[in-house]
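K.L.:
Coordinates in input35.csv, CSV, C-alpha atoms and all ligand atoms, are listed below.
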chain,number,residue,atom,x,y,z
A,1,MET,CA,-36.8,-57.6,13.0
A,2,ILE,CA,-34.4,-60.4,13.9
A,3,PRO,CA,-31.0,-58.8,13.3
A,4,TYR,CA,-28.1,-60.6,11.6
A,5,GLY,CA,-25.8,-60.0,14.6
A,6,LYS,CA,-26.3,-58.6,18.1
A,7,GLN,CA,-24.2,-58.3,21.3
A,8,GLU,CA,-25.2,-59.5,24.7
A,9,ILE,CA,-24.6,-57.3,27.7
A,10,THR,CA,-25.0,-59.0,31.1
A,11,GLN,CA,-25.2,-57.7,34.6
A,12,ALA,CA,-21.6,-58.7,35.1
A,13,ASP,CA,-20.7,-56.5,32.1
A,14,LEU,CA,-22.6,-53.5,33.5
A,15,ASP,CA,-21.0,-54.0,36.9
A,16,ALA,CA,-17.5,-54.1,35.4
A,17,VAL,CA,-18.1,-50.9,33.4
A,18,ALA,CA,-19.7,-49.1,36.4
A,19,ASP,CA,-16.7,-50.1,38.6
A,20,THR,CA,-14.3,-48.6,36.1
A,21,LEU,CA,-16.4,-45.4,35.8
A,22,SER,CA,-16.2,-44.9,39.6
A,23,SER,CA,-12.4,-45.7,39.7
A,24,PRO,CA,-9.7,-43.1,39.2
A,25,TRP,CA,-8.9,-44.4,35.7
A,26,LEU,CA,-11.1,-43.9,32.7
A,27,THR,CA,-8.2,-44.5,30.3
A,28,GLN,CA,-4.5,-45.5,30.6
A,29,GLY,CA,-5.3,-47.3,33.9
A,30,PRO,CA,-5.0,-50.9,34.9
A,31,ALA,CA,-8.0,-52.3,32.9
A,32,VAL,CA,-6.3,-52.2,29.5
A,33,PRO,CA,-3.2,-54.3,30.5
A,34,ARG,CA,-5.4,-56.7,32.4
A,35,PHE,CA,-7.5,-57.2,29.3
A,36,GLU,CA,-4.4,-57.6,27.1
A,37,GLN,CA,-2.9,-60.2,29.5
A,38,ALA,CA,-6.2,-62.2,29.5
A,39,LEU,CA,-6.3,-62.0,25.7
A,40,ALA,CA,-2.7,-63.2,25.3
A,41,ARG,CA,-3.3,-66.0,27.8
A,42,TYR,CA,-6.5,-67.0,25.9
A,43,CYS,CA,-4.6,-67.1,22.6
A,44,THR,CA,-1.5,-68.8,24.2
A,45,VAL,CA,0.7,-66.0,22.8
A,46,SER,CA,3.2,-63.8,24.6
A,47,HIS,CA,1.9,-60.3,23.6
A,48,ALA,CA,-1.5,-58.7,23.1
A,49,VAL,CA,-1.8,-54.9,22.4
A,50,ALA,CA,-5.3,-53.3,22.5
A,51,PHE,CA,-6.5,-50.7,20.1
A,52,SER,CA,-9.4,-48.4,19.6
A,53,SER,CA,-10.6,-50.5,16.7
A,54,ALA,CA,-9.5,-53.4,14.4
A,55,THR,CA,-9.0,-50.7,11.7
A,56,ALA,CA,-6.5,-48.9,13.9
A,57,ALA,CA,-4.9,-52.3,14.7
A,58,LEU,CA,-4.5,-53.1,11.0
A,59,HIS,CA,-2.9,-49.7,10.5
A,60,ALA,CA,-0.5,-50.3,13.4
A,61,ALA,CA,0.3,-53.8,12.0
A,62,CYS,CA,1.4,-52.3,8.7
A,63,PHE,CA,3.4,-49.6,10.5
A,64,ALA,CA,5.2,-52.2,12.7
A,65,LEU,CA,6.1,-54.2,9.7
A,66,ASP,CA,7.6,-51.1,8.0
A,67,VAL,CA,5.1,-50.9,5.2
A,68,GLY,CA,5.6,-47.8,3.2
A,69,PRO,CA,5.7,-46.2,-0.3
A,70,GLY,CA,6.9,-48.7,-2.9
A,71,ASP,CA,5.7,-51.7,-0.9
A,72,TRP,CA,2.9,-54.1,-1.9
A,73,VAL,CA,0.3,-55.5,0.5
A,74,TRP,CA,-2.0,-58.3,-0.6
A,75,THR,CA,-5.3,-59.3,1.0
A,76,SER,CA,-8.6,-61.0,0.1
A,77,PRO,CA,-11.2,-59.1,-2.0
A,78,ASN,CA,-13.9,-60.8,0.2
A,79,THR,CA,-13.5,-58.7,3.3
A,80,PHE,CA,-14.4,-55.4,4.9
A,81,VAL,CA,-12.6,-52.4,3.3
A,82,ALA,CA,-10.4,-51.9,6.4
A,83,SER,CA,-8.3,-55.0,5.6
A,84,ALA,CA,-7.1,-53.2,2.4
A,85,ASN,CA,-7.2,-49.6,3.5
A,86,CYS,CA,-4.5,-50.1,6.2
A,87,ALA,CA,-1.9,-50.5,3.5
A,88,LEU,CA,-3.0,-47.3,1.8
A,89,TYR,CA,-2.7,-45.4,5.1
A,90,CYS,CA,1.0,-46.2,5.0
A,91,GLY,CA,1.5,-45.1,1.4
A,92,ALA,CA,1.8,-48.7,0.1
A,93,LYS,CA,0.0,-50.3,-2.9
A,94,VAL,CA,-2.7,-52.9,-2.5
A,95,ASP,CA,-3.5,-56.0,-4.5
A,96,PHE,CA,-5.9,-58.9,-3.9
A,97,VAL,CA,-5.8,-62.6,-4.2
A,98,ASP,CA,-9.0,-64.3,-5.3
A,99,ILE,CA,-10.9,-66.6,-2.9
A,100,ASP,CA,-11.3,-70.4,-2.7
A,101,PRO,CA,-14.8,-71.3,-4.0
A,102,ALA,CA,-15.4,-73.7,-1.1
A,103,THR,CA,-14.3,-71.7,2.0
A,104,TYR,CA,-14.6,-68.1,0.6
A,105,ASN,CA,-11.1,-67.5,2.1
A,106,MET,CA,-8.0,-66.5,0.2
A,107,SER,CA,-7.1,-69.3,-2.1
A,108,VAL,CA,-3.6,-70.6,-1.5
A,109,ASP,CA,-3.4,-71.9,-5.1
A,110,ARG,CA,-4.2,-68.4,-6.4
A,111,LEU,CA,-1.6,-66.9,-3.9
A,112,ALA,CA,1.1,-69.3,-5.2
A,113,GLU,CA,0.4,-68.4,-8.8
A,114,LYS,CA,0.4,-64.7,-8.1
A,115,LEU,CA,3.6,-64.9,-6.1
A,116,ALA,CA,5.4,-66.7,-8.9
A,117,ALA,CA,4.3,-64.0,-11.4
A,118,ALA,CA,5.2,-61.2,-8.9
A,119,GLU,CA,8.7,-62.6,-8.4
A,120,LYS,CA,9.3,-62.3,-12.2
A,121,ALA,CA,7.9,-58.8,-12.3
A,122,GLY,CA,9.7,-57.7,-9.1
A,123,THR,CA,6.5,-56.8,-7.3
A,124,LEU,CA,6.5,-59.3,-4.5
A,125,PRO,CA,4.4,-58.3,-1.5
A,126,LYS,CA,6.0,-57.2,1.8
A,127,VAL,CA,2.9,-58.2,3.8
A,128,VAL,CA,0.0,-60.6,3.1
A,129,ILE,CA,-3.2,-60.2,5.1
A,130,PRO,CA,-5.3,-63.3,5.0
A,131,VAL,CA,-8.9,-62.8,6.4
A,132,HIS,CA,-10.5,-65.6,8.3
A,133,PHE,CA,-13.9,-65.1,6.7
A,134,SER,CA,-16.9,-65.9,8.8
A,135,GLY,CA,-14.7,-67.2,11.6
A,136,GLN,CA,-13.0,-70.1,9.8
A,137,SER,CA,-9.2,-69.8,9.6
A,138,CYS,CA,-7.5,-69.6,6.3
A,139,ASP,CA,-5.1,-72.4,5.3
A,140,MET,CA,-2.4,-70.8,7.4
A,141,ARG,CA,0.1,-73.7,7.0
A,142,GLY,CA,-0.1,-73.2,3.2
A,143,ILE,CA,0.3,-69.4,3.4
A,144,HIS,CA,3.2,-69.7,5.9
A,145,ARG,CA,5.0,-72.1,3.6
A,146,LEU,CA,4.7,-69.5,0.8
A,147,ALA,CA,5.9,-66.8,3.2
A,148,GLN,CA,9.1,-68.7,3.9
A,149,GLN,CA,9.7,-69.2,0.1
A,150,TYR,CA,8.9,-65.6,-0.9
A,151,HIS,CA,9.9,-63.7,2.3
A,152,PHE,CA,6.7,-61.8,3.1
A,153,SER,CA,5.2,-61.1,6.6
A,154,ILE,CA,1.7,-62.3,7.5
A,155,VAL,CA,-1.0,-60.4,9.4
A,156,GLU,CA,-4.1,-62.5,10.1
A,157,ASP,CA,-7.2,-60.5,10.0
A,158,ALA,CA,-9.1,-62.5,12.6
A,159,SER,CA,-11.8,-59.9,13.1
A,160,HIS,CA,-14.4,-62.7,12.7
A,161,ALA,CA,-12.4,-65.5,14.3
A,162,ILE,CA,-11.7,-64.9,18.0
A,163,GLY,CA,-12.5,-68.1,19.8
A,164,GLY,CA,-12.0,-70.2,16.7
A,165,ARG,CA,-9.3,-72.9,16.3
A,166,TYR,CA,-6.9,-74.0,13.6
A,167,GLU,CA,-5.3,-77.4,13.9
A,168,GLY,CA,-6.6,-77.5,17.4
A,169,GLN,CA,-4.8,-74.3,18.6
A,170,PRO,CA,-6.5,-70.9,19.2
A,171,VAL,CA,-6.6,-68.4,16.3
A,172,GLY,CA,-4.3,-65.6,17.4
A,173,ASP,CA,-1.5,-67.8,18.7
A,174,CYS,CA,0.6,-66.5,15.7
A,175,ARG,CA,2.1,-70.0,15.0
A,176,TYR,CA,2.0,-69.2,11.3
A,177,SER,CA,2.0,-65.4,11.3
A,178,ASP,CA,3.7,-62.3,12.6
A,179,LEU,CA,0.6,-60.6,13.9
A,180,THR,CA,-3.2,-61.4,14.4
A,181,VAL,CA,-5.9,-58.7,14.4
A,182,PHE,CA,-9.2,-59.0,16.4
A,183,SER,CA,-12.2,-56.7,16.3
A,184,PHE,CA,-14.5,-56.0,19.2
A,185,HIS,CA,-17.2,-54.1,17.3
A,186,PRO,CA,-20.7,-55.1,18.7
A,187,VAL,CA,-21.5,-57.4,15.7
A,188,LYS,CA,-18.4,-59.5,16.3
A,189,ILE,CA,-18.0,-62.4,18.8
A,190,ILE,CA,-17.2,-60.3,21.9
A,191,THR,CA,-17.4,-56.5,22.2
A,192,THR,CA,-15.9,-53.4,23.8
A,193,GLY,CA,-18.3,-51.1,21.9
A,194,GLU,CA,-15.5,-50.1,19.5
A,195,GLY,CA,-12.2,-51.8,19.9
A,196,GLY,CA,-9.6,-54.1,18.5
A,197,ALA,CA,-6.3,-55.9,19.4
A,198,LEU,CA,-3.2,-57.4,17.9
A,199,THR,CA,-1.5,-60.5,19.2
A,200,THR,CA,2.1,-61.4,18.4
A,201,ARG,CA,5.0,-63.7,19.6
A,202,ARG,CA,7.5,-60.9,18.7
A,203,ALA,CA,8.5,-58.5,21.5
A,204,ASP,CA,10.0,-56.1,18.9
A,205,LEU,CA,6.7,-55.7,17.2
A,206,ALA,CA,4.7,-55.4,20.5
A,207,GLU,CA,7.0,-52.6,21.5
A,208,LYS,CA,6.5,-50.7,18.2
A,209,LEU,CA,2.7,-51.3,18.3
A,210,THR,CA,2.5,-49.9,21.9
A,211,ALA,CA,4.3,-46.7,20.9
A,212,PHE,CA,2.3,-46.3,17.7
A,213,ARG,CA,-0.9,-46.5,19.7
A,214,SER,CA,0.1,-43.4,21.7
A,215,HIS,CA,1.7,-40.9,19.4
A,216,GLY,CA,5.0,-42.7,19.1
A,217,ILE,CA,5.9,-41.6,22.6
A,218,THR,CA,8.0,-43.5,25.1
A,219,ARG,CA,8.4,-42.9,28.8
A,220,ASP,CA,11.0,-45.7,29.1
A,221,PRO,CA,14.5,-44.2,29.6
A,222,GLN,CA,16.0,-47.3,28.0
A,223,LYS,CA,14.3,-46.5,24.7
A,224,MET,CA,15.2,-42.8,24.7
A,225,VAL,CA,17.7,-41.0,22.5
A,226,GLY,CA,20.2,-39.7,25.1
A,227,PRO,CA,19.5,-39.5,28.8
A,228,SER,CA,16.1,-38.8,30.4
A,229,GLU,CA,15.7,-35.3,31.9
A,230,GLY,CA,13.6,-36.5,34.8
A,231,ALA,CA,10.6,-38.4,36.0
A,232,TRP,CA,8.3,-36.1,33.9
A,233,TYR,CA,10.2,-36.7,30.7
A,234,TYR,CA,9.0,-38.4,27.6
A,235,GLN,CA,10.2,-38.6,24.1
A,236,GLN,CA,8.5,-38.9,20.7
A,237,THR,CA,10.7,-41.2,18.7
A,238,ALA,CA,8.2,-42.2,15.9
A,239,LEU,CA,5.0,-40.7,14.4
A,240,GLY,CA,2.0,-42.4,16.0
A,241,PHE,CA,-1.6,-41.7,16.7
A,242,ASN,CA,-4.1,-41.8,19.6
A,243,TYR,CA,-5.4,-45.3,18.9
A,244,ARG,CA,-5.9,-46.2,22.6
A,245,LEU,CA,-8.7,-48.4,24.0
A,246,THR,CA,-10.2,-46.8,27.2
A,247,ASP,CA,-10.3,-48.5,30.5
A,248,ILE,CA,-14.1,-48.4,30.3
A,249,GLN,CA,-14.0,-50.4,27.1
A,250,ALA,CA,-11.3,-52.8,28.3
A,251,ALA,CA,-13.4,-53.6,31.5
A,252,LEU,CA,-16.2,-54.6,29.2
A,253,GLY,CA,-13.9,-56.7,27.0
A,254,PHE,CA,-12.4,-58.4,30.0
A,255,SER,CA,-15.9,-59.3,31.3
A,256,GLN,CA,-17.0,-60.5,27.9
A,257,LEU,CA,-13.9,-62.6,27.4
A,258,HIS,CA,-15.2,-64.9,30.2
A,259,ARG,CA,-18.1,-65.9,28.0
A,260,LEU,CA,-16.1,-66.2,24.7
A,261,ASP,CA,-16.0,-70.0,24.8
A,262,ALA,CA,-19.7,-70.3,25.7
A,263,TYR,CA,-20.5,-67.9,22.8
A,264,VAL,CA,-18.6,-69.9,20.3
A,265,GLU,CA,-20.1,-73.1,21.5
A,266,ARG,CA,-23.6,-71.6,21.1
A,267,ARG,CA,-22.8,-70.3,17.6
A,268,THR,CA,-21.4,-73.7,16.6
A,269,LEU,CA,-24.6,-75.4,17.8
A,270,LEU,CA,-26.7,-72.8,15.9
A,271,ALA,CA,-24.6,-73.4,12.7
A,272,LYS,CA,-25.1,-77.2,13.0
A,273,ARG,CA,-28.8,-76.6,13.5
A,274,TYR,CA,-29.0,-74.4,10.4
A,275,ASP,CA,-27.2,-77.1,8.4
A,276,GLU,CA,-29.9,-79.5,9.4
A,277,LEU,CA,-32.9,-77.2,9.0
A,278,LEU,CA,-31.7,-76.0,5.5
A,279,LYS,CA,-31.2,-79.5,4.1
A,280,SER,CA,-34.2,-79.5,1.8
A,281,LEU,CA,-33.8,-75.8,0.7
A,282,PRO,CA,-32.2,-74.7,-2.5
A,283,VAL,CA,-29.2,-73.2,-0.8
A,284,THR,CA,-25.5,-74.0,-0.3
A,285,VAL,CA,-24.5,-74.2,3.3
A,286,PRO,CA,-21.0,-73.2,4.6
A,287,PHE,CA,-18.2,-75.7,4.1
A,288,GLN,CA,-16.1,-76.5,7.1
A,289,ALA,CA,-12.6,-77.9,6.7
A,290,THR,CA,-11.7,-80.7,9.1
A,291,GLU,CA,-8.7,-78.9,10.7
A,292,GLN,CA,-11.0,-76.0,11.6
A,293,ALA,CA,-13.3,-75.0,14.4
A,294,SER,CA,-14.9,-71.8,13.2
A,295,ALA,CA,-15.9,-69.0,15.6
A,296,TRP,CA,-19.1,-68.7,13.4
A,297,HIS,CA,-19.2,-64.9,13.2
A,298,LEU,CA,-21.3,-65.3,10.1
A,299,TYR,CA,-23.5,-68.0,8.7
A,300,VAL,CA,-23.6,-67.4,4.9
A,301,VAL,CA,-25.7,-69.4,2.4
A,302,LEU,CA,-25.4,-69.2,-1.4
A,303,LEU,CA,-28.6,-69.0,-3.4
A,304,ASP,CA,-30.0,-67.9,-6.7
A,305,SER,CA,-32.1,-64.6,-7.0
A,306,ARG,CA,-30.3,-63.3,-4.0
A,307,LYS,CA,-31.6,-59.7,-4.4
A,308,ALA,CA,-35.3,-60.9,-4.4
A,309,VAL,CA,-34.7,-63.3,-1.5
A,310,PHE,CA,-32.9,-60.6,0.5
A,311,GLU,CA,-35.8,-58.1,0.0
A,312,ARG,CA,-38.5,-60.8,0.8
A,313,MET,CA,-36.6,-61.8,3.9
A,314,ARG,CA,-36.4,-58.2,5.1
A,315,GLU,CA,-40.2,-57.8,4.5
A,316,LEU,CA,-40.7,-60.9,6.6
A,317,GLY,CA,-38.8,-59.3,9.5
A,318,ILE,CA,-35.5,-61.2,9.1
A,319,GLY,CA,-32.4,-58.9,9.2
A,320,VAL,CA,-30.4,-60.7,6.6
A,321,ASN,CA,-27.2,-59.0,5.3
A,322,VAL,CA,-24.5,-59.5,2.6
A,323,HIS,CA,-20.8,-60.0,3.3
A,324,TYR,CA,-18.9,-58.8,1.3
A,325,ILE,CA,-19.1,-56.5,-1.6
A,326,PRO,CA,-15.7,-57.3,-3.1
A,327,VAL,CA,-13.3,-54.5,-2.1
A,328,HIS,CA,-11.9,-54.0,-5.5
A,329,THR,CA,-15.3,-53.1,-6.9
A,330,GLN,CA,-15.7,-50.1,-4.6
A,331,PRO,CA,-15.4,-46.8,-6.5
A,332,TYR,CA,-12.3,-45.8,-4.5
A,333,TYR,CA,-10.5,-49.0,-5.6
A,334,GLN,CA,-11.9,-48.7,-9.2
A,335,ASN,CA,-10.2,-45.3,-9.2
A,336,LEU,CA,-6.9,-47.0,-8.3
A,337,GLY,CA,-7.3,-49.1,-11.5
A,338,PHE,CA,-9.1,-52.3,-10.4
A,339,ARG,CA,-11.8,-53.6,-12.6
A,340,ARG,CA,-14.9,-55.8,-12.3
A,341,GLY,CA,-13.8,-59.3,-13.5
A,342,ASP,CA,-10.4,-59.0,-11.8
A,343,PHE,CA,-11.3,-61.5,-9.0
A,344,PRO,CA,-14.1,-63.5,-10.5
A,345,VAL,CA,-14.6,-66.1,-7.7
A,346,ALA,CA,-15.1,-63.4,-5.2
A,347,GLU,CA,-17.5,-61.6,-7.6
A,348,ASN,CA,-19.5,-64.7,-8.3
A,349,TYR,CA,-19.7,-65.5,-4.6
A,350,TYR,CA,-20.9,-62.0,-3.8
A,351,GLU,CA,-23.8,-62.3,-6.3
A,352,ARG,CA,-25.2,-65.3,-4.4
A,353,ALA,CA,-24.3,-64.7,-0.8
A,354,LEU,CA,-26.7,-64.1,2.0
A,355,SER,CA,-25.8,-63.9,5.7
A,356,LEU,CA,-28.5,-65.3,8.0
A,357,PRO,CA,-29.0,-64.1,11.6
A,358,MET,CA,-26.2,-65.5,13.8
A,359,PHE,CA,-25.5,-64.5,17.4
A,360,ALA,CA,-25.2,-66.2,20.7
A,361,THR,CA,-28.6,-65.1,22.0
A,362,LEU,CA,-30.5,-66.2,18.9
A,363,THR,CA,-33.2,-68.6,20.1
A,364,GLU,CA,-34.1,-71.9,18.5
A,365,SER,CA,-37.6,-70.7,17.7
A,366,GLU,CA,-36.2,-67.5,16.1
A,367,GLN,CA,-33.9,-69.7,14.1
A,368,GLU,CA,-36.9,-71.7,12.9
A,369,GLN,CA,-38.6,-68.4,11.9
A,370,VAL,CA,-35.5,-67.5,9.8
A,371,VAL,CA,-35.7,-70.9,8.1
A,372,ASP,CA,-39.4,-70.7,7.5
A,373,ALA,CA,-39.0,-67.2,6.0
A,374,LEU,CA,-36.2,-68.5,3.8
A,375,LEU,CA,-38.4,-71.3,2.6
A,376,THR,CA,-41.2,-68.8,1.7
A,377,ALA,CA,-38.7,-66.4,0.1
A,378,THR,CA,-37.0,-69.1,-2.1
A,379,GLN,CA,-40.4,-70.5,-3.2
A,380,VAL,CA,-41.7,-67.2,-4.3
A,381,VAL,CA,-38.8,-66.3,-6.6
B,1,LIG,C1,-15.1,-55.6,11.4
B,1,LIG,C2,-14.0,-55.9,10.5
B,1,LIG,C3,-12.9,-55.0,10.5
B,1,LIG,C4,-12.9,-53.6,11.2
B,1,LIG,O1,-13.1,-53.7,12.5
B,1,LIG,P1,-13.4,-52.4,13.4
B,1,LIG,O2,-13.1,-52.9,14.8
B,1,LIG,O3,-14.8,-52.0,13.1
B,1,LIG,O4,-12.4,-51.4,12.9
B,1,LIG,C5,-11.8,-55.3,9.7
B,1,LIG,N1,-11.7,-56.5,9.1
B,1,LIG,C6,-12.8,-57.3,9.0
B,1,LIG,C7,-12.7,-58.6,8.3
B,1,LIG,C8,-13.9,-57.0,9.8
B,1,LIG,O5,-15.0,-57.9,9.7
Go ahead and render the structure in this file as structure tokens.
P.N.:
Amino acid sequence: MIPYGKQEITQADLDAVADTLSSPWLTQGPAVPRFEQALARYCTVSHAVAFSSATAALHAACFALDVGPGDWVWTSPNTFVASANCALYCGAKVDFVDIDPATYNMSVDRLAEKLAAAEKAGTLPKVVIPVHFSGQSCDMRGIHRLAQQYHFSIVEDASHAIGGRYEGQPVGDCRYSDLTVFSFHPVKIITTGEGGALTTRRADLAEKLTAFRSHGITRDPQKMVGPSEGAWYYQQTALGFNYRLTDIQAALGFSQLHRLDAYVERRTLLAKRYDELLKSLPVTVPFQATEQASAWHLYVVLLDSRKAVFERMRELGIGVNVHYIPVHTQPYYQNLGFRRGDFPVAENYYERALSLPMFATLTESEQEQVVDALLTATQVV
């Protein structure tokens, strides 16, 4: 089976992990700050804070932006459930903004309409979480303009998009947002096994995130209530979690980061090749906006009879997948009052979407196998 996504672990990665394992530090040592600094440098941003997953990072982002009961958080329905769950963890309410039919990202037009209605109803969001679906950035300039008008914060869910660019600048530079989230799950562009990170330009947020990651505890006397009682002393000043990345994971991430540009270059080449190879097939290939350079986490085609094609592709040994089941159609969200039909563009997209194998070590002959299988599968149905 050719999977839809797969990590690459090199000898350099193995050596980096082995070095950490034989060092005095398995966690809370030097590898995490080294990885964070490298990540911040890559994104040309002042702060990066590593987490045990992107899900934990999303939770931390909502915490740092003071999301709580009575607040609204809006995201895209075309995402993994974690982009929405983070608001619920903080006791806030979630709503969705339908997607653009060309990019499958949050539609800025729908966002503008929904904000105008929410202003009248007194239900404006505190935070909006645009998701850079498949690795292509949302229209951040447009979303930022609306944020200035309606005074909400922006958390970019860039779980798909590390190594991508928007208007020529790296995704994660937070030029148009408060925070950006990355995921290092093995199917993503680079991996730490499990892991995630947040980037930000705001020192105040970075400080809150760092405390939240480790129980809300500080060891810095400057940040304590009253004087420190000695060198052993720490204070818990907020309610946090253990959301730390280990040094073992950070060593892997630091090693992988060296290959990020090469990975994205390879994925871009494979995407262009898919575009060519699929020209005569009855499928819609991904649209790319000109101000974008996608990180190409996913290569999604739209086609008819998706279920039959999916099953035939799997029989033919091609590990196709579907991204995403619209979050509001999940039973948990239906119980919160969402209904099918609420976000029709995302629902129509979902009916026709198929993710083809896309990963840096996919060979050109494997890619041709995928296309041949797709030709067979679409002819049969
Ligand atoms: C993978 C993913 C997440 C969650 O990432 P984890 O690191 O697995 O917690 C969140 N949002 C999106 C869009 C994702 O693709």
K.L.:
Would you mind telling me which residue in A:Val81, A:Ala50, A:Ile248, A:Ile217 lies nearest to ligand LIG 1 (chain B) when using all atoms listed in the file?
P.N.:
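Of A:Val81, A:Ala50, A:Ile248, A:Ile217, the one nearest ligand LIG 1 (chain B), counting all atoms listed in the file, is A:Val81.
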K.L.:
Set the distance at 9 Å and use all atoms listed in the file: which residues neighbour segment 277-289 of chain A once local chain neighbours fewer than 3 positions away are removed? I'd like the list as a list in words.
P.N.:
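In the requested form, the answer reads Ala102, Thr103, Gln136, Ala271, Lys272, Arg273, Tyr274, Gln292, Ala293, Ser294, Tyr299, Val300, Val301, Leu302, Leu303, Asp304, Glu368, Val371, Leu374, Leu375 and Thr378 of chain A.
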K.L.:
I want to know what sits within 10 Å of Glu167 of chain A, based on all atoms listed in the file, with residues of the same chain fewer than 4 positions away left out; could you give that as a PyMOL selection string?
P.N.:
chain A and resi 137+139-141+171+290-293
K.L.:
Which of these, A:Arg314, A:Lys120, A:Lys6, A:His160, has the shortest distance to ligand LIG 1 (chain B) once you count only C-alpha atoms and all ligand atoms?
P.N.:
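Answer, going by the shortest atom-to-atom distance: A:His160.
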K.L.:
Do you know which residues are within 10 Å of ligand LIG 1 (chain B) using all atoms listed in the file? Can you write them as a tab-separated table (two decimals) with C-alpha atoms, in the coordinates of the input?
P.N.:
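File part_32.tsv, as written:
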chain	number	residue	atom	x	y	z
A	51	PHE	CA	-6.50	-50.70	20.10
A	52	SER	CA	-9.40	-48.40	19.60
A	53	SER	CA	-10.60	-50.50	16.70
A	54	ALA	CA	-9.50	-53.40	14.40
A	55	THR	CA	-9.00	-50.70	11.70
A	56	ALA	CA	-6.50	-48.90	13.90
A	57	ALA	CA	-4.90	-52.30	14.70
A	58	LEU	CA	-4.50	-53.10	11.00
A	59	HIS	CA	-2.90	-49.70	10.50
A	76	SER	CA	-8.60	-61.00	0.10
A	78	ASN	CA	-13.90	-60.80	0.20
A	79	THR	CA	-13.50	-58.70	3.30
A	80	PHE	CA	-14.40	-55.40	4.90
A	81	VAL	CA	-12.60	-52.40	3.30
A	82	ALA	CA	-10.40	-51.90	6.40
A	83	SER	CA	-8.30	-55.00	5.60
A	84	ALA	CA	-7.10	-53.20	2.40
A	85	ASN	CA	-7.20	-49.60	3.50
A	86	CYS	CA	-4.50	-50.10	6.20
A	130	PRO	CA	-5.30	-63.30	5.00
A	131	VAL	CA	-8.90	-62.80	6.40
A	132	HIS	CA	-10.50	-65.60	8.30
A	133	PHE	CA	-13.90	-65.10	6.70
A	134	SER	CA	-16.90	-65.90	8.80
A	135	GLY	CA	-14.70	-67.20	11.60
A	156	GLU	CA	-4.10	-62.50	10.10
A	157	ASP	CA	-7.20	-60.50	10.00
A	158	ALA	CA	-9.10	-62.50	12.60
A	159	SER	CA	-11.80	-59.90	13.10
A	160	HIS	CA	-14.40	-62.70	12.70
A	161	ALA	CA	-12.40	-65.50	14.30
A	181	VAL	CA	-5.90	-58.70	14.40
A	182	PHE	CA	-9.20	-59.00	16.40
A	183	SER	CA	-12.20	-56.70	16.30
A	184	PHE	CA	-14.50	-56.00	19.20
A	185	HIS	CA	-17.20	-54.10	17.30
A	186	PRO	CA	-20.70	-55.10	18.70
A	187	VAL	CA	-21.50	-57.40	15.70
A	188	LYS	CA	-18.40	-59.50	16.30
A	191	THR	CA	-17.40	-56.50	22.20
A	192	THR	CA	-15.90	-53.40	23.80
A	193	GLY	CA	-18.30	-51.10	21.90
A	194	GLU	CA	-15.50	-50.10	19.50
A	195	GLY	CA	-12.20	-51.80	19.90
A	196	GLY	CA	-9.60	-54.10	18.50
A	197	ALA	CA	-6.30	-55.90	19.40
A	297	HIS	CA	-19.20	-64.90	13.20
A	298	LEU	CA	-21.30	-65.30	10.10
A	323	HIS	CA	-20.80	-60.00	3.30
A	324	TYR	CA	-18.90	-58.80	1.30
K.L.:
At what distance in Å, to one decimal, does atom CA of Thr75 of chain A lie from atom CA of Val128 of chain A?
P.N.:
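Separation between atom CA of Val128 of chain A and atom CA of Thr75 of chain A: 5.8 Å.
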K.L.:
Nearest residue to Ile154 of chain A out of A:Gly70, A:Gly216, A:Cys62, A:Tyr104, using all atoms listed in the file?
P.N.:
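Of the candidates, the smallest distance to Ile154 of chain A is held by A:Cys62.
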K.L.:
Which is closest to Thr199 of chain A among A:Ala60, A:Val73, A:Leu245, A:Val320, if we use only C-alpha atoms?
P.N.:
A:Ala60
K.L.:
I want to know what sits within 12 Å of Pro69 of chain A, based on all atoms listed in the file, with residues of the same chain fewer than 5 positions away left out; could you give that as a JSON list (two decimals) with C-alpha atoms, in the coordinates of the input?
P.N.:
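Dumped to result06.json:
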[["chain", "number", "residue", "atom", "x", "y", "z"],
["A", 62, "CYS", "CA", 1.40, -52.30, 8.70],
["A", 63, "PHE", "CA", 3.40, -49.60, 10.50],
["A", 87, "ALA", "CA", -1.90, -50.50, 3.50],
["A", 88, "LEU", "CA", -3.00, -47.30, 1.80],
["A", 89, "TYR", "CA", -2.70, -45.40, 5.10],
["A", 90, "CYS", "CA", 1.00, -46.20, 5.00],
["A", 91, "GLY", "CA", 1.50, -45.10, 1.40],
["A", 92, "ALA", "CA", 1.80, -48.70, 0.10],
["A", 93, "LYS", "CA", 0.00, -50.30, -2.90],
["A", 94, "VAL", "CA", -2.70, -52.90, -2.50],
["A", 126, "LYS", "CA", 6.00, -57.20, 1.80]]
K.L.:
Of the candidates A:Ala360, A:Gly240, A:Val127, A:Thr329, which one gets nearest to Arg259 of chain A if we count all atoms listed in the file?
P.N.:
A:Ala360
